[in-house]
Structures are given as C-alpha cells and as structure tokens.
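Chemist: Handing you a structure now.
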Amino acid sequence: MALLIGIDIGTTNTKAGLYDDRGRERAVSSRPTVAHRHSDGYSSYDPEEMWGNIAAAIREAINRAEAADPGCARRIRAIGITSMAESGLLVDTDSGEAKSPFMPWFDTCSTPQAERMAAESDPFERFRVSGIHGSFKLGLPKLLWLKERMPEAFRGAKWLSASGYIAYRLTGRAAFDYSLAARTYCFHINRKEWDREWIRHFGIDPAVFPDALPSGTALGPVENGIAASLGLPDGVQVAIAGHDHVVASLSVGAVTPEVVYDSMGTAETMVGTLPERELGRREFESGLSYGCHVAEGRMFWMGGNASAGGSVEWIRGVLGDPELSYERLLAELAEAGPEPTGILYFPYLTGAGAPRPDQKARASFIGLAKTHGRRHLLKAVLEGTAYQLQAIREEAERVAGRAIERLVVVGGGTRNPHWLQTKADVLNATLIAPPIGEATLLGAALCAGAGAGVYGSMDEAAQASSGLEAAVIRPDENRHAAYRRLYETGYAPLAAALRGYFRGEWPAS
C-alpha cells in the first residue's frame, strides 16, 4: 500500500499529513503560520522560518507514523503541496535566495496598485481572461507594489506561490500549477498561459513567472540530501497540488457538477465544478470567482465569506472574559434551542464577500430585544453565516443551471452540530459530513498520488476515500419556512441597504 504526504500552508497553521492510498490518515503534524509586522506597515512571512516549520512537520508526521507502523516510510511515493492562494515571493532560482518579502494574501499594502489596475482596464474583459475580480489580494498587484519599492529584487528572480516555494525547496524546480496561477490576475485560464501583454503593460518582464503546469504534475524527486534529512526514501515525487479550497474537493469527491462542497473554517467557501467554458456577463455579475480546477478539463466556481468561523471566534471573545470555551459555547447553543432567533447578523467583520464583494461593509446585528441573551447572540451568528451562504448558493445555482440541494461539508466548523443543523434549516439542504479531519491535506496527498501514478487520474484519486461513512444532517421543513421568511423579508434587502450605508450611499438624498 502506497503512502502519500500532503502539505497545507494555511493562513493560521501549516500542516503535514501522511495518508495511505485509500485516504486513511496515518499522522498529522502542525505548526503556526507566523506573519511578521514591519515598522513601515506591511506584513510578511519569513521564508526560512516557513521552510523550517514545514520540514519539522514532515519529520514529525513520519516519526509518528513509524512509531505505529515501523518501516512504513519506505512506502512514501509522493508529496503534494497546497496553500493559501495569492501569497508569494520573488526567489533567485540560481542561488535559492529570497529576493523580496514573502507577501501574505491578506496584506492591504497593494490596494493602490489594485486601484491603478482597475483604472487602466475594463473589469469585465479582465474577468473574462482571469476568472476573478480585481483585488489587493492578488499576485500582480503585490508584484507591482514590490517593483515600486525594490525594483532590484526582480533581477534573475521568479515569482513563486507559497506552494511553489516549498516545491522549489524540495526539488530545485520553479513552477506554478494552473489553479494558483489563476490567482495572480495575469493568467489566461482558457489558454492556460501567462497573459504576457497585460504583464508588460505594468513594466514587468513576463519571465518573472515560471512554467505553469496542470495541478499534480510531478516536478521531480526530493533532492537526495533533503530527502535524507526529512526521513524520506529516495525517489519521492513532489507536486504542486494547488489552490487550497479547490484541492480539498478531491478528498470529498467533489469533481463533478453534481457534487458541491462547503469548507467551514475561519473563512467559509462554497465550491462547485463546471465544464470548461468561456466566461460571460452572467458569471461576471454573479460575484463568484472562477478558475482552473485540479481535475482535468474542468473549471471551478467559488464563493466565500471571510468571517464565518471568524465570527464565531469573535463572539466567543466578546461575550466571555476569558473567552467562552467550546464546551460552554455548545451548551449555550443547546439552551438557545433549534428555533430561529429572529435576530439578523451580517458577518462582515472584514468586509462583505461573495456574491456582492464590498470591503467597506461592516458586521451588524439587527432585531435585538430586551429578552435576548448571550445564547441568542451566539445562535444569531450561526444563522447569519448561513444566510450569507444562501446568498452565495442562489448565484451559484443561476450560473450552474441546477439546484444545489446537497452539500458536502468539511472543516473545523463541522464539529459544531448546532451550526450544521442551522445551516441545513436555513438552506433547506441535506448536509453530508464525511469523517475527514483535514480535507485540504488529504486532497493535496491525493493530487500528488495522481501525478505520481498511484492513481490513474484525478477522478480515480477523488474516489479513494469514498468508502468512508459520512454523517447526514437533514433540514426541518417548519424551521426552514421561518428562516426563509426572515431571509427574504429581512436579511437580503437589509444586506443591500447596509452595504449602501457603509459606502455613504444611503439614505438616498
């Protein structure tokens, strides 16, 4: 039985996991992903610190697996790497030296550059090429920010994603996969090539971008000295698995239009699959993002709420001193009962995401009464994230041309049964929760397995864990009817009014 390693470079934690070829977890190790704040106002990661943490996590996961199954490390065939989508850095691929700060996706330093790009282009035409709407998060605005501050960093350098950087450290080969290339804002998702004319428009040499390859492509083996230091056998192949949310789809079999999944973490993201096609006005106006799927010949649609689990963590701290324990949180939610609170919570702590992105929007509670207590506020936060997911689902159904009546759910939020039931009731959807603790890690391992020939295709890899028994959460019709009224008469219209208010456009003069 072959073994596979997944690496997941996340915003909060970076993890390494060892899995067998049936998708069963052998060992997982985690390290914090540390962002350092600089005196002149921007954040960055330390490349050596990140590499050191990942190397330590790989060694620890292998040692744990070896303790339970001595000699199992000899069966490791491949390593797949997934990461947050837009983070990256410039690297001299001759010397291996980092030439720029390692930029995190969430740093807003590149907002002026993103605004310049918007002013110098047709947003719809850029969307048709790239599949995404302009934002400070994306790779090209970050590169333009670096060019204005440290142009010398570009000499002989390549821009690498977080996944690409670790793949480079393991193999010595610089590359992008299609799914992460699509998050730079300068990759043509239909042609599968860099948009060289657009890149040159900003005075950047397109040679700064390395080869773009299909997700899971074997880049080569781990270099011998590094393999020995990590406890790996010779010949272990390395692949860039790609965009973390898309990679997770492999672990739950969500690689066809019939299967849609929802990742419930600090941020929440709904992801679905489409046949490859030209994007038009309908997709542009949906507020969703599109890109190259890790599965061959397909694209994905995606809509997210950046403050889903983040809202839960925020309210835990606000309503408790010290913050509420998870045990107390679950107890309070049980006391709140299953019925709707009637409170409308808008989860815009860091701005509104899909389907109407708006960085100026802010979170709000509407409908509070003297009879409401802590348990009701906690429940209202869960309801608000579900309302926001319903807004995303409505747009996705229009684009995909099919109803979304079932969702595969993964992520840390699935450990909260009250959240799952609230989501099922609000959406009137059946939720399928497979027993996969780390869907993104497993997806990265499966993706690498496909590239290394352990599986015959990505579709075969996506079926590897299909035998795992999943929990099923079904909606309650009466509660859904009440939630539907609250959504249609309250949440949806007030969400539009709130966005206008925070933009200074409401009330109309």
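By convention here, the chains of the structure tokens are called A, B, ... in the order presented, each chain's residues are numbered starting at 1, and ligands are numbered starting at 1 in the order presented.
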Would you tabulate, counting only C-alpha atoms, all residues of region 216-293 of chain A that have an atom at most 10 Å from an atom of region 423-435 of chain A, showing the closest pair of atoms and their distance in Å to one decimal, sorted by chain then ascending number, as JSON lines?
Modeler:
```
{"residue": "A:Ser251", "atom": "CA", "partner": "A:Pro434", "partner_atom": "CA", "distance": 9.5}
{"residue": "A:Val252", "atom": "CA", "partner": "A:Pro434", "partner_atom": "CA", "distance": 7.5}
{"residue": "A:Tyr261", "atom": "CA", "partner": "A:Ile432", "partner_atom": "CA", "distance": 9.0}
{"residue": "A:Asp262", "atom": "CA", "partner": "A:Leu431", "partner_atom": "CA", "distance": 9.3}
```
Chemist: May I have all residues of region 149-301 of chain A that DSSP, computed from the backbone, assigns to alpha helix (DSSP H), given as a VMD selection string?
Modeler: chain A and resid 149 162 to 171 178 to 181 196 to 201 224 to 230 244 to 251 281 to 285
Chemist: Using only C-alpha atoms, can you tell me which of A:Gly203, A:Trp194, A:Arg126, A:Ala218 comes closest to Glu148 (chain A)?
Modeler: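 Once distances to Glu148 (chain A) are computed over only C-alpha atoms, the minimum belongs to A:Gly203.
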Chemist: For a test of reading the model, state the distance in Å between CA of Phe106 (chain A) and CA of Phe187 (chain A), rounded to one decimal.
Modeler: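 Those two atoms sit 20.3 Å apart.
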Chemist: For the strand (DSSP E or B) assignment from backbone DSSP, which residues of region 148-254 of chain A qualify? Please present them as a PyMOL selection string.
Modeler: chain A and resi 157-161+175-177+187-188+193-194+211-213+218-221+237-243
